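Undergrad: My structure is below; once you've seen it, I'll send some questions.
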Amino acid sequence: MDKNSAIFQPIRIGPVTVKNRVEVAPACPFLASHGRDFSIELREYVRSLAKSGAGIVNTGLTGCTPPAPEMQLGFRSMTASFMFGSDLNEFAEVCHRYGAKASIELIHRDYMGAAPGVTANIPIEKLKSVINDFAAAAELAVRKGFDIICIHGGHGNVPSTFFSAMHNKRTDEYGGSLEKRCRFGAELLDAVRAAIGDKAAISYRISAEEMLPGWTTLEETIEYCKAIQDKIDLLSVSRGLLESRELLPYLNAPPYFPRGINLPFARQIKAAISTPVTVVNAMNLKLGDEAIARGDVDMVSMVRTIYADTDCVNKARKGRDEEIRPCVRCNNCIGRTHSLGVSVRCAVNPLLGRETHFPPLRRADRRLKVVVVGGGPGGMEAARTAALLGHAVVLFEKGDRLGGSLTYAAAPEFKDDMRAYLDWSVRMAERDENIDVRLGRQATPDMVSGEKPDAVIVAIGAKPVIPAFSATGTPKVAWVGDAETGRADTGRDVLIVGAGFTGLEAGLSMAKKGKSVKIIDMIPREEVGRDGVEISMIGLEQELKKAGVDVECGLRLIDINNDGAVVESTATGDRKTIPADTVVLSLGVKADEEEVRAFDGVCAEVMYIGDCAASGGTLYNAIHTAFDAAMSLA
């Protein structure tokens, strides 16, 4: 892409002209202070998003009333009330510094997450109070410098509950017919417009469909959009509900789902209304540019793409697409905030949410000689970061190519996001003039010591746990990595031992190739996938069910023989044999302590990262420990 691409053309949103057609979609980073103000951490996070080059930066969930007492300390998001006026102004000021428009997403905390049937049927006086709360918050935000007021009317938030025939059982002027169910949303928007006049734009977020029987359909949503189109300046198309666990993956599509899953809905809605339309969920710049050029939408909204590389918009505009670090859609970011209630982090961008933890990335005062042992994801991250600091790096990799364990993680057909990240990681390491990549070199302590390094970063990973069985050494037994990359022929009937994240993904991958797959584990059923991100795990389990993959728990593997796997019930002790052409082992990995510690003392500064330093081999762990180690050399 370049500056002439459709996505980089200015657009008029009501009274506001936006420099391009990229919005940083609303996402709450849990970085506000416990007092709800604009913390230094939140300021630097916002600054990184504004510097990305995006045309609009959104606050994410911002309450139009102070939070309830029980939420004061836990839910670290901003509040649009008078006592926080200065903080709102600082947010807008940071955005404006980089030419981005500041957008505030307003929600009503009294009803966020409340039972929708309760919300839709509150008394008239409370209903009017809610509308007034939104209007007051909007007026304050605009007075403090915001350019766009974003009303969250999707995912089961307040306005959508009134429109829903499923939940709105009112018999007054706000319930009954579709026209009456539109009334609350229309009055809310009228009140906001009256409060802000033509000083700012109004954006409205909807769920195109709520995806459950009896809930709001696309056809009803289109009628609602027609009813409010003259009251808004931008319509943001999303999908699904927060109330339903099974629908969470449709709010933040994991890698098992296609990208741009909401584009077909946005296209239909745009054809029905005159208001500009943007779309969110699993969008990236290339996909967005193509959609805008076709006329499917007017803008695109994304957050995970920008999290992964907070300079991505600028890079694309300058034609440097190959330098953009891809998002792998692992959902670590949203999993941390929405599921764990902790501050946002990104698996592949170790600075996100930690901008204040490190000194600015600049050349170190003293150029060091750094040796990195191991060319997997952690080793490559450590090498790139050290090189960025201006150090001279030697990267030893025993294989004939970089990638390490990432080659196995990227093997499934549906992991194209991970393959894109792998390709980027290798490309950026190999093209860096400060990195001397030495392939096919099994680094030894003597070899490393001979380089006379100032620092050594050991990233040799861990070895798969593969116990010995009767059929060991025959095609009857395969390690999951070999099965995924095609090094092992698994036949048609496959039994996977290990219902962790890796085993489950392998099961889906093999099922998609037409194999009959069964997965077993000794853990209880409710613990399946606990090592993965909840939102992604929900989607993965749904896809496994569609693919006909059976997951059976409470079975301990005893042996593998010519007939299949001999297993024992953890509850009864009964044994049985499960027939299979191949038994695939996905039992995790374990560091070889002797091999790792052999590098102790090769120089004054030796650091250990990734799988060889911690249990639970994840990309997040590899990247973050690598970055932390390299930054200690700054």
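Numbering starts fresh at 1 for the residues of each chain in the structure tokens, the chains themselves are lettered A, B, ... in the order given, and ligands are numbered from 1 as they appear.
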Neighbouring residues of Ser177 in chain A were defined as those with any atom within 12 Å, considering only C-alpha atoms; residues of the same chain fewer than 2 positions away were excluded. Please report them as a ChimeraX atom specification.
TA: /A:162-165,168-175,179-183,220,224
Undergrad: Output as a PyMOL selection string all residues of range 428-501 of chain A that backbone DSSP marks as strand (DSSP E).
TA: chain A and resi 435-439+455-458+463-464+477-479+493-497
Undergrad: Let me see the file: selected residues, N, CA and C atoms, as a short mmCIF file (atom, residue, chain, number, x, y, z; two decimals), in the first residue's frame.
TA:
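And here is the file that came out, selection-v6.cif:
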data_model
loop_
_atom_site.label_atom_id
_atom_site.label_comp_id
_atom_site.auth_asym_id
_atom_site.auth_seq_id
_atom_site.Cartn_x
_atom_site.Cartn_y
_atom_site.Cartn_z
N ILE A 435 22.82 -8.01 12.89
CA ILE A 435 22.66 -9.40 13.32
C ILE A 435 23.41 -10.32 12.36
N ASP A 436 24.34 -11.07 12.89
CA ASP A 436 25.08 -12.08 12.13
C ASP A 436 24.41 -13.42 12.38
N VAL A 437 23.57 -13.86 11.42
CA VAL A 437 22.82 -15.12 11.57
C VAL A 437 23.69 -16.28 11.10
N ARG A 438 23.88 -17.25 11.99
CA ARG A 438 24.69 -18.42 11.66
C ARG A 438 23.83 -19.68 11.80
N LEU A 439 23.37 -20.17 10.65
CA LEU A 439 22.52 -21.35 10.63
C LEU A 439 23.36 -22.62 10.61
N ALA A 455 27.59 -10.12 26.52
CA ALA A 455 26.37 -10.72 27.07
C ALA A 455 25.96 -11.90 26.20
N VAL A 456 25.35 -12.89 26.84
CA VAL A 456 24.84 -14.07 26.14
C VAL A 456 23.39 -14.27 26.54
N ILE A 457 22.54 -14.46 25.56
CA ILE A 457 21.12 -14.75 25.80
C ILE A 457 20.84 -16.16 25.30
N VAL A 458 20.50 -17.04 26.20
CA VAL A 458 20.27 -18.46 25.87
C VAL A 458 18.78 -18.67 25.62
N LYS A 463 12.53 -29.45 25.29
CA LYS A 463 12.33 -30.67 24.52
C LYS A 463 10.96 -31.27 24.81
N PRO A 464 10.33 -31.87 23.81
CA PRO A 464 9.01 -32.46 24.05
C PRO A 464 9.10 -33.64 25.01
N VAL A 477 3.65 -44.34 16.98
CA VAL A 477 3.82 -43.24 17.92
C VAL A 477 4.41 -42.04 17.20
N ALA A 478 3.83 -40.87 17.41
CA ALA A 478 4.35 -39.66 16.78
C ALA A 478 4.27 -38.50 17.76
N TRP A 479 5.24 -37.61 17.68
CA TRP A 479 5.18 -36.38 18.45
C TRP A 479 4.32 -35.38 17.69
N ASP A 493 -7.05 -42.77 11.24
CA ASP A 493 -7.59 -42.75 12.60
C ASP A 493 -6.49 -42.31 13.58
N VAL A 494 -6.70 -41.14 14.16
CA VAL A 494 -5.67 -40.55 15.01
C VAL A 494 -6.18 -40.37 16.43
N LEU A 495 -5.36 -40.77 17.39
CA LEU A 495 -5.65 -40.51 18.79
C LEU A 495 -4.59 -39.55 19.32
N ILE A 496 -5.02 -38.40 19.81
CA ILE A 496 -4.09 -37.42 20.38
C ILE A 496 -4.16 -37.51 21.90
N VAL A 497 -3.01 -37.64 22.52
CA VAL A 497 -2.92 -37.68 23.98
C VAL A 497 -2.45 -36.32 24.47
#
Undergrad: Where does range 144-231 of chain A meet range 272-275 of chain A within 12 Å, residue by residue, with the nearest atom pair and distance in Å to one decimal for each, counting only C-alpha atoms, listed by chain and rising number, as JSON lines?
TA:
{"residue": "A:Ala201", "atom": "CA", "partner": "A:Thr275", "partner_atom": "CA", "distance": 11.9}
{"residue": "A:Ile202", "atom": "CA", "partner": "A:Thr275", "partner_atom": "CA", "distance": 11.0}
{"residue": "A:Ser203", "atom": "CA", "partner": "A:Thr275", "partner_atom": "CA", "distance": 10.1}
{"residue": "A:Tyr204", "atom": "CA", "partner": "A:Thr275", "partner_atom": "CA", "distance": 10.7}
{"residue": "A:Leu218", "atom": "CA", "partner": "A:Ala272", "partner_atom": "CA", "distance": 11.7}
{"residue": "A:Glu219", "atom": "CA", "partner": "A:Ala272", "partner_atom": "CA", "distance": 10.6}
{"residue": "A:Thr221", "atom": "CA", "partner": "A:Ala272", "partner_atom": "CA", "distance": 10.8}
{"residue": "A:Ile222", "atom": "CA", "partner": "A:Ala272", "partner_atom": "CA", "distance": 7.1}
{"residue": "A:Glu223", "atom": "CA", "partner": "A:Ala272", "partner_atom": "CA", "distance": 8.8}
{"residue": "A:Tyr224", "atom": "CA", "partner": "A:Ile273", "partner_atom": "CA", "distance": 10.4}
{"residue": "A:Cys225", "atom": "CA", "partner": "A:Ile273", "partner_atom": "CA", "distance": 7.2}
{"residue": "A:Lys226", "atom": "CA", "partner": "A:Ile273", "partner_atom": "CA", "distance": 6.0}
{"residue": "A:Ala227", "atom": "CA", "partner": "A:Ile273", "partner_atom": "CA", "distance": 9.5}
{"residue": "A:Ile228", "atom": "CA", "partner": "A:Thr275", "partner_atom": "CA", "distance": 9.6}
{"residue": "A:Gln229", "atom": "CA", "partner": "A:Thr275", "partner_atom": "CA", "distance": 5.9}
{"residue": "A:Asp230", "atom": "CA", "partner": "A:Thr275", "partner_atom": "CA", "distance": 7.5}
{"residue": "A:Lys231", "atom": "CA", "partner": "A:Thr275", "partner_atom": "CA", "distance": 9.3}
Undergrad: Find the residues near Glu210 in chain A: any atom within 9 Å, counting only C-alpha atoms, skip ones fewer than 6 places away on the same chain, and give them as a VMD selection string.
TA: chain A and resid 154 to 156 216 to 218 239 to 241 247
Undergrad: Would you mind exporting the chosen residues as a compact mmCIF listing (two decimals), in the first residue's frame, restricted to C-alpha atoms?
TA:
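And here is the file that came out, result-v2.txt:
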# COMPACT_ATOMS: atom_id res chain seq x y z
CA GLY A 154 -24.25 -3.24 20.51
CA HIS A 155 -23.18 -6.39 22.37
CA GLY A 156 -26.18 -6.19 24.68
CA THR A 216 -32.27 -9.43 17.09
CA THR A 217 -31.74 -10.38 13.44
CA LEU A 218 -29.89 -8.56 10.66
CA ARG A 239 -21.74 -8.63 16.01
CA GLY A 240 -22.77 -10.82 18.93
CA LEU A 241 -23.41 -10.38 22.65
CA LEU A 247 -20.70 -15.73 21.25
Undergrad: Pick from A:Gly14, A:Pro579, A:Pro29, A:Pro66: nearest to Arg354 in chain A, with only C-alpha atoms counted?
TA: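 Closest to Arg354 in chain A of all the choices is A:Pro29.
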Undergrad: Which is closest to Tyr250 in chain A among A:Val280, A:Asp296, A:Ala32, A:Pro350, if we use only C-alpha atoms?
TA: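 The closest residue to Tyr250 in chain A is A:Val280.
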Undergrad: Skip Ile151 in chain A itself and residues of its chain fewer than 3 positions away, then list as a ChimeraX atom specification all residues within 12 Å of it, counting only C-alpha atoms.
TA: /A:26,58-64,103-108,131,134-135,137-138,148,154-155,157-160,185-186,188-189,191-193,201-206,231-236
Undergrad: Show me, as a PDB file with N, CA and C atoms, in the first residue's frame, the residues that have an atom within 9 Å of range 15-22 of chain A when counting only C-alpha atoms, minus same-chain residues fewer than 5 positions from it.
TA:
ATOM      1  N   ALA A   6      -6.909   3.634  -0.964  1.00  0.00           N
ATOM      2  CA  ALA A   6      -8.231   4.117  -0.546  1.00  0.00           C
ATOM      3  C   ALA A   6      -8.303   4.366   0.958  1.00  0.00           C
ATOM      4  N   ILE A   7      -7.633   3.538   1.725  1.00  0.00           N
ATOM      5  CA  ILE A   7      -7.730   3.611   3.181  1.00  0.00           C
ATOM      6  C   ILE A   7      -7.077   4.869   3.754  1.00  0.00           C
ATOM      7  N   PHE A   8      -6.212   5.515   2.953  1.00  0.00           N
ATOM      8  CA  PHE A   8      -5.500   6.692   3.442  1.00  0.00           C
ATOM      9  C   PHE A   8      -6.099   8.013   2.955  1.00  0.00           C
ATOM     10  N   GLN A   9      -7.262   7.932   2.340  1.00  0.00           N
ATOM     11  CA  GLN A   9      -7.924   9.154   1.882  1.00  0.00           C
ATOM     12  C   GLN A   9      -8.735   9.768   3.027  1.00  0.00           C
ATOM     13  N   PRO A  10      -8.774  11.085   3.127  1.00  0.00           N
ATOM     14  CA  PRO A  10      -9.552  11.746   4.184  1.00  0.00           C
ATOM     15  C   PRO A  10     -11.038  11.426   4.038  1.00  0.00           C
ATOM     16  N   GLY A  53      -0.585   6.503  13.391  1.00  0.00           N
ATOM     17  CA  GLY A  53      -1.015   7.099  12.127  1.00  0.00           C
ATOM     18  C   GLY A  53      -2.494   6.956  11.880  1.00  0.00           C
ATOM     19  N   ALA A  54      -3.219   6.276  12.767  1.00  0.00           N
ATOM     20  CA  ALA A  54      -4.666   6.105  12.611  1.00  0.00           C
ATOM     21  C   ALA A  54      -5.370   7.456  12.675  1.00  0.00           C
ATOM     22  N   GLY A  55      -6.518   7.547  11.994  1.00  0.00           N
ATOM     23  CA  GLY A  55      -7.265   8.795  11.956  1.00  0.00           C
ATOM     24  C   GLY A  55      -8.083   9.067  13.192  1.00  0.00           C
ATOM     25  N   ILE A  56      -8.536   8.005  13.873  1.00  0.00           N
ATOM     26  CA  ILE A  56      -9.357   8.130  15.080  1.00  0.00           C
ATOM     27  C   ILE A  56      -8.799   7.206  16.152  1.00  0.00           C
ATOM     28  N   VAL A  57      -8.730   7.703  17.378  1.00  0.00           N
ATOM     29  CA  VAL A  57      -8.359   6.869  18.524  1.00  0.00           C
ATOM     30  C   VAL A  57      -9.511   6.922  19.521  1.00  0.00           C
ATOM     31  N   GLY A  99      -2.351  14.334  15.183  1.00  0.00           N
ATOM     32  CA  GLY A  99      -3.292  14.507  14.085  1.00  0.00           C
ATOM     33  C   GLY A  99      -4.455  13.543  14.078  1.00  0.00           C
ATOM     34  N   ALA A 100      -4.651  12.818  15.186  1.00  0.00           N
ATOM     35  CA  ALA A 100      -5.776  11.880  15.277  1.00  0.00           C
ATOM     36  C   ALA A 100      -6.964  12.562  15.957  1.00  0.00           C
ATOM     37  N   LYS A 101      -8.158  12.139  15.591  1.00  0.00           N
ATOM     38  CA  LYS A 101      -9.359  12.621  16.248  1.00  0.00           C
ATOM     39  C   LYS A 101      -9.618  11.771  17.486  1.00  0.00           C
ATOM     40  N   ASP A 147     -13.640  14.910  19.755  1.00  0.00           N
ATOM     41  CA  ASP A 147     -14.175  15.196  18.426  1.00  0.00           C
ATOM     42  C   ASP A 147     -15.357  14.307  18.064  1.00  0.00           C
ATOM     43  N   ILE A 148     -15.420  13.119  18.674  1.00  0.00           N
ATOM     44  CA  ILE A 148     -16.447  12.135  18.313  1.00  0.00           C
ATOM     45  C   ILE A 148     -17.005  11.514  19.584  1.00  0.00           C
ATOM     46  N   ASP A 198     -23.264  20.943  16.771  1.00  0.00           N
ATOM     47  CA  ASP A 198     -22.455  20.537  15.621  1.00  0.00           C
ATOM     48  C   ASP A 198     -20.960  20.640  15.937  1.00  0.00           C
ATOM     49  N   LYS A 199     -20.626  20.575  17.221  1.00  0.00           N
ATOM     50  CA  LYS A 199     -19.222  20.689  17.629  1.00  0.00           C
ATOM     51  C   LYS A 199     -18.474  19.366  17.513  1.00  0.00           C
ATOM     52  N   ALA A 200     -19.195  18.274  17.406  1.00  0.00           N
ATOM     53  CA  ALA A 200     -18.557  16.952  17.334  1.00  0.00           C
ATOM     54  C   ALA A 200     -19.459  15.998  16.565  1.00  0.00           C
ATOM     55  N   ALA A 201     -18.871  14.889  16.149  1.00  0.00           N
ATOM     56  CA  ALA A 201     -19.625  13.853  15.428  1.00  0.00           C
ATOM     57  C   ALA A 201     -20.171  12.829  16.415  1.00  0.00           C
ATOM     58  N   ASP A 233     -23.486  10.195  12.633  1.00  0.00           N
ATOM     59  CA  ASP A 233     -22.559  10.544  11.562  1.00  0.00           C
ATOM     60  C   ASP A 233     -21.711   9.364  11.106  1.00  0.00           C
ATOM     61  N   THR A 278     -18.482   1.969   9.211  1.00  0.00           N
ATOM     62  CA  THR A 278     -17.208   1.315   9.487  1.00  0.00           C
ATOM     63  C   THR A 278     -17.499  -0.079  10.030  1.00  0.00           C
ATOM     64  N   LEU A 285      -5.039  -3.831   7.692  1.00  0.00           N
ATOM     65  CA  LEU A 285      -4.990  -2.704   6.764  1.00  0.00           C
ATOM     66  C   LEU A 285      -5.237  -3.123   5.324  1.00  0.00           C
ATOM     67  N   GLY A 288      -8.887  -4.022   4.949  1.00  0.00           N
ATOM     68  CA  GLY A 288      -9.672  -2.805   5.041  1.00  0.00           C
ATOM     69  C   GLY A 288      -9.578  -1.961   3.789  1.00  0.00           C
ATOM     70  N   ASP A 289      -8.380  -1.841   3.245  1.00  0.00           N
ATOM     71  CA  ASP A 289      -8.191  -1.055   2.023  1.00  0.00           C
ATOM     72  C   ASP A 289      -9.008  -1.647   0.879  1.00  0.00           C
ATOM     73  N   ILE A 292     -12.784  -0.901   1.429  1.00  0.00           N
ATOM     74  CA  ILE A 292     -13.110   0.500   1.154  1.00  0.00           C
ATOM     75  C   ILE A 292     -13.087   0.762  -0.350  1.00  0.00           C
ATOM     76  N   ASP A 298     -17.024   2.523   4.430  1.00  0.00           N
ATOM     77  CA  ASP A 298     -16.361   3.822   4.254  1.00  0.00           C
ATOM     78  C   ASP A 298     -15.087   3.926   5.076  1.00  0.00           C
ATOM     79  N   MET A 299     -15.052   3.181   6.187  1.00  0.00           N
ATOM     80  CA  MET A 299     -13.896   3.163   7.079  1.00  0.00           C
ATOM     81  C   MET A 299     -13.703   1.754   7.609  1.00  0.00           C
ATOM     82  N   VAL A 300     -12.607   1.528   8.324  1.00  0.00           N
ATOM     83  CA  VAL A 300     -12.416   0.262   9.033  1.00  0.00           C
ATOM     84  C   VAL A 300     -11.926   0.568  10.444  1.00  0.00           C
ATOM     85  N   SER A 301     -12.372  -0.252  11.393  1.00  0.00           N
ATOM     86  CA  SER A 301     -11.967  -0.107  12.785  1.00  0.00           C
ATOM     87  C   SER A 301     -11.216  -1.366  13.201  1.00  0.00           C
ATOM     88  N   MET A 302     -10.117  -1.178  13.876  1.00  0.00           N
ATOM     89  CA  MET A 302      -9.306  -2.322  14.303  1.00  0.00           C
ATOM     90  C   MET A 302      -8.530  -1.931  15.545  1.00  0.00           C
ATOM     91  N   VAL A 313       0.146   1.872  10.653  1.00  0.00           N
ATOM     92  CA  VAL A 313      -0.520   2.739   9.676  1.00  0.00           C
ATOM     93  C   VAL A 313       0.520   3.593   8.950  1.00  0.00           C
TER      94      VAL A 313
END
Undergrad: Nearest to Thr305 in chain A among A:Ala409, A:Leu251, A:Val24, A:Met83, with distances taken over only C-alpha atoms: which residue is it?
TA: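 Comparing A:Ala409, A:Leu251, A:Val24, A:Met83 against Thr305 in chain A, the winner is A:Val24.
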Undergrad: Would you kindly return, as a ChimeraX atom specification, each protein, DNA or RNA residue with an atom no farther than 9 Å from any atom of range 261-263 of chain A, considering only C-alpha atoms and excluding same-chain residues fewer than 2 positions away?
TA: /A:208,237-239,250,253,257-259,265-268,279-283,291,296-297
Undergrad: Got time to write the residues from that selection, C-alpha atoms, as a PDB file, in the first residue's frame?
TA:
ATOM      1  CA  ALA A 208     -25.571  -6.545  13.120  1.00  0.00           C
ATOM      2  CA  VAL A 237     -20.893  -2.621  12.624  1.00  0.00           C
ATOM      3  CA  SER A 238     -20.018  -5.374  15.077  1.00  0.00           C
ATOM      4  CA  ARG A 239     -21.742  -8.625  16.015  1.00  0.00           C
ATOM      5  CA  TYR A 250     -17.543 -13.568  17.423  1.00  0.00           C
ATOM      6  CA  ALA A 253     -12.467 -13.609  16.155  1.00  0.00           C
ATOM      7  CA  PHE A 257     -12.431 -17.962  12.226  1.00  0.00           C
ATOM      8  CA  PRO A 258     -11.891 -16.101   8.939  1.00  0.00           C
ATOM      9  CA  ARG A 259     -10.829 -12.474   8.963  1.00  0.00           C
ATOM     10  CA  PHE A 265     -23.182  -7.512   7.319  1.00  0.00           C
ATOM     11  CA  ALA A 266     -21.593  -4.087   6.994  1.00  0.00           C
ATOM     12  CA  ARG A 267     -21.973  -4.264   3.220  1.00  0.00           C
ATOM     13  CA  GLN A 268     -25.710  -4.947   3.498  1.00  0.00           C
ATOM     14  CA  VAL A 279     -16.684  -2.322  10.415  1.00  0.00           C
ATOM     15  CA  VAL A 280     -14.796  -4.003  13.234  1.00  0.00           C
ATOM     16  CA  ASN A 281     -13.432  -7.480  14.099  1.00  0.00           C
ATOM     17  CA  ALA A 282     -10.417  -9.249  12.605  1.00  0.00           C
ATOM     18  CA  MET A 283      -9.657  -6.477  10.160  1.00  0.00           C
ATOM     19  CA  ALA A 291     -13.161  -3.301   1.390  1.00  0.00           C
ATOM     20  CA  ASP A 296     -18.300  -2.226   1.045  1.00  0.00           C
ATOM     21  CA  VAL A 297     -17.585   0.255   3.858  1.00  0.00           C
TER      22      VAL A 297
END
Undergrad: So that I can see what lies close to Val448 in chain A, please list as an MDAnalysis selection string the residues with an atom at most 12 Å from it, counting only C-alpha atoms and leaving out residues fewer than 2 positions away in the same chain.
TA: chainID A and resid 369:374 393:396 441:446 450:458 598:603 606
Undergrad: Report, in Å with one decimal, the straight-line distance from CA of Phe627 in chain A to CA of Tyr98 in chain A.
TA: 26.8 Å
Undergrad: Write out as a PDB file with N, CA and C atoms, in the first residue's frame all residues of range 192-254 of chain A that backbone DSSP assigns to helix (DSSP H, G or I).
TA:
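Generated output (out.pdb):
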ATOM      1  N   VAL A 192     -28.156  13.576  22.943  1.00  0.00           N
ATOM      2  CA  VAL A 192     -26.715  13.785  22.765  1.00  0.00           C
ATOM      3  C   VAL A 192     -26.473  14.905  21.755  1.00  0.00           C
ATOM      4  N   ARG A 193     -27.235  14.883  20.662  1.00  0.00           N
ATOM      5  CA  ARG A 193     -27.064  15.934  19.642  1.00  0.00           C
ATOM      6  C   ARG A 193     -27.419  17.312  20.209  1.00  0.00           C
ATOM      7  N   ALA A 194     -28.468  17.350  20.993  1.00  0.00           N
ATOM      8  CA  ALA A 194     -28.850  18.624  21.594  1.00  0.00           C
ATOM      9  C   ALA A 194     -27.763  19.135  22.534  1.00  0.00           C
ATOM     10  N   ALA A 195     -27.074  18.216  23.181  1.00  0.00           N
ATOM     11  CA  ALA A 195     -26.036  18.594  24.143  1.00  0.00           C
ATOM     12  C   ALA A 195     -24.754  19.063  23.466  1.00  0.00           C
ATOM     13  N   ILE A 196     -24.424  18.469  22.305  1.00  0.00           N
ATOM     14  CA  ILE A 196     -23.132  18.790  21.675  1.00  0.00           C
ATOM     15  C   ILE A 196     -23.267  19.650  20.425  1.00  0.00           C
ATOM     16  N   LEU A 218     -30.451  -9.561  11.553  1.00  0.00           N
ATOM     17  CA  LEU A 218     -29.888  -8.555  10.662  1.00  0.00           C
ATOM     18  C   LEU A 218     -30.993  -7.695  10.054  1.00  0.00           C
ATOM     19  N   GLU A 219     -32.092  -8.316   9.670  1.00  0.00           N
ATOM     20  CA  GLU A 219     -33.187  -7.575   9.050  1.00  0.00           C
ATOM     21  C   GLU A 219     -33.750  -6.520  10.005  1.00  0.00           C
ATOM     22  N   GLU A 220     -33.913  -6.893  11.277  1.00  0.00           N
ATOM     23  CA  GLU A 220     -34.407  -5.925  12.268  1.00  0.00           C
ATOM     24  C   GLU A 220     -33.387  -4.813  12.493  1.00  0.00           C
ATOM     25  N   THR A 221     -32.106  -5.200  12.542  1.00  0.00           N
ATOM     26  CA  THR A 221     -31.051  -4.205  12.753  1.00  0.00           C
ATOM     27  C   THR A 221     -31.027  -3.183  11.630  1.00  0.00           C
ATOM     28  N   ILE A 222     -31.215  -3.647  10.406  1.00  0.00           N
ATOM     29  CA  ILE A 222     -31.226  -2.714   9.274  1.00  0.00           C
ATOM     30  C   ILE A 222     -32.365  -1.713   9.415  1.00  0.00           C
ATOM     31  N   GLU A 223     -33.530  -2.168   9.862  1.00  0.00           N
ATOM     32  CA  GLU A 223     -34.652  -1.256  10.070  1.00  0.00           C
ATOM     33  C   GLU A 223     -34.324  -0.241  11.168  1.00  0.00           C
ATOM     34  N   TYR A 224     -33.659  -0.704  12.210  1.00  0.00           N
ATOM     35  CA  TYR A 224     -33.253   0.198  13.293  1.00  0.00           C
ATOM     36  C   TYR A 224     -32.261   1.233  12.780  1.00  0.00           C
ATOM     37  N   CYS A 225     -31.309   0.782  11.966  1.00  0.00           N
ATOM     38  CA  CYS A 225     -30.310   1.695  11.399  1.00  0.00           C
ATOM     39  C   CYS A 225     -30.977   2.765  10.531  1.00  0.00           C
ATOM     40  N   LYS A 226     -31.992   2.360   9.794  1.00  0.00           N
ATOM     41  CA  LYS A 226     -32.722   3.336   8.973  1.00  0.00           C
ATOM     42  C   LYS A 226     -33.389   4.386   9.859  1.00  0.00           C
ATOM     43  N   ALA A 227     -33.879   3.946  11.009  1.00  0.00           N
ATOM     44  CA  ALA A 227     -34.612   4.856  11.896  1.00  0.00           C
ATOM     45  C   ALA A 227     -33.684   5.879  12.558  1.00  0.00           C
ATOM     46  N   ILE A 228     -32.400   5.523  12.750  1.00  0.00           N
ATOM     47  CA  ILE A 228     -31.498   6.440  13.476  1.00  0.00           C
ATOM     48  C   ILE A 228     -30.440   7.075  12.570  1.00  0.00           C
ATOM     49  N   GLN A 229     -30.436   6.736  11.271  1.00  0.00           N
ATOM     50  CA  GLN A 229     -29.336   7.182  10.411  1.00  0.00           C
ATOM     51  C   GLN A 229     -29.176   8.697  10.344  1.00  0.00           C
ATOM     52  N   ASP A 230     -30.265   9.433  10.434  1.00  0.00           N
ATOM     53  CA  ASP A 230     -30.176  10.887  10.358  1.00  0.00           C
ATOM     54  C   ASP A 230     -29.709  11.518  11.670  1.00  0.00           C
ATOM     55  N   LYS A 231     -29.583  10.712  12.691  1.00  0.00           N
ATOM     56  CA  LYS A 231     -29.191  11.210  14.005  1.00  0.00           C
ATOM     57  C   LYS A 231     -27.711  10.943  14.307  1.00  0.00           C
ATOM     58  N   ARG A 245     -21.588 -16.599  26.550  1.00  0.00           N
ATOM     59  CA  ARG A 245     -20.208 -17.091  26.477  1.00  0.00           C
ATOM     60  C   ARG A 245     -19.896 -17.662  25.101  1.00  0.00           C
ATOM     61  N   GLU A 246     -20.839 -18.351  24.503  1.00  0.00           N
ATOM     62  CA  GLU A 246     -20.602 -18.991  23.219  1.00  0.00           C
ATOM     63  C   GLU A 246     -20.405 -17.990  22.086  1.00  0.00           C
ATOM     64  N   LEU A 247     -20.832 -16.737  22.304  1.00  0.00           N
ATOM     65  CA  LEU A 247     -20.701 -15.733  21.251  1.00  0.00           C
ATOM     66  C   LEU A 247     -19.461 -14.860  21.404  1.00  0.00           C
ATOM     67  N   LEU A 248     -18.726 -15.011  22.499  1.00  0.00           N
ATOM     68  CA  LEU A 248     -17.557 -14.160  22.722  1.00  0.00           C
ATOM     69  C   LEU A 248     -16.530 -14.230  21.582  1.00  0.00           C
ATOM     70  N   PRO A 249     -16.292 -15.397  20.982  1.00  0.00           N
ATOM     71  CA  PRO A 249     -15.320 -15.418  19.879  1.00  0.00           C
ATOM     72  C   PRO A 249     -15.759 -14.596  18.670  1.00  0.00           C
ATOM     73  N   TYR A 250     -17.055 -14.353  18.561  1.00  0.00           N
ATOM     74  CA  TYR A 250     -17.543 -13.568  17.423  1.00  0.00           C
ATOM     75  C   TYR A 250     -17.343 -12.071  17.642  1.00  0.00           C
ATOM     76  N   LEU A 251     -17.004 -11.680  18.878  1.00  0.00           N
ATOM     77  CA  LEU A 251     -16.664 -10.287  19.157  1.00  0.00           C
ATOM     78  C   LEU A 251     -15.191 -10.022  18.877  1.00  0.00           C
TER      79      LEU A 251
END
Undergrad: Can you measure CA of Arg336 in chain A to CA of Ala27 in chain A for me? One decimal in Å is fine.
TA: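 Separation between CA of Arg336 in chain A and CA of Ala27 in chain A: 11.8 Å.
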Undergrad: I'd like to know which of A:Val584, A:Leu557, A:Ala387, A:Ile520 is closest to Pro475 in chain A, using only C-alpha atoms.
TA: A:Val584
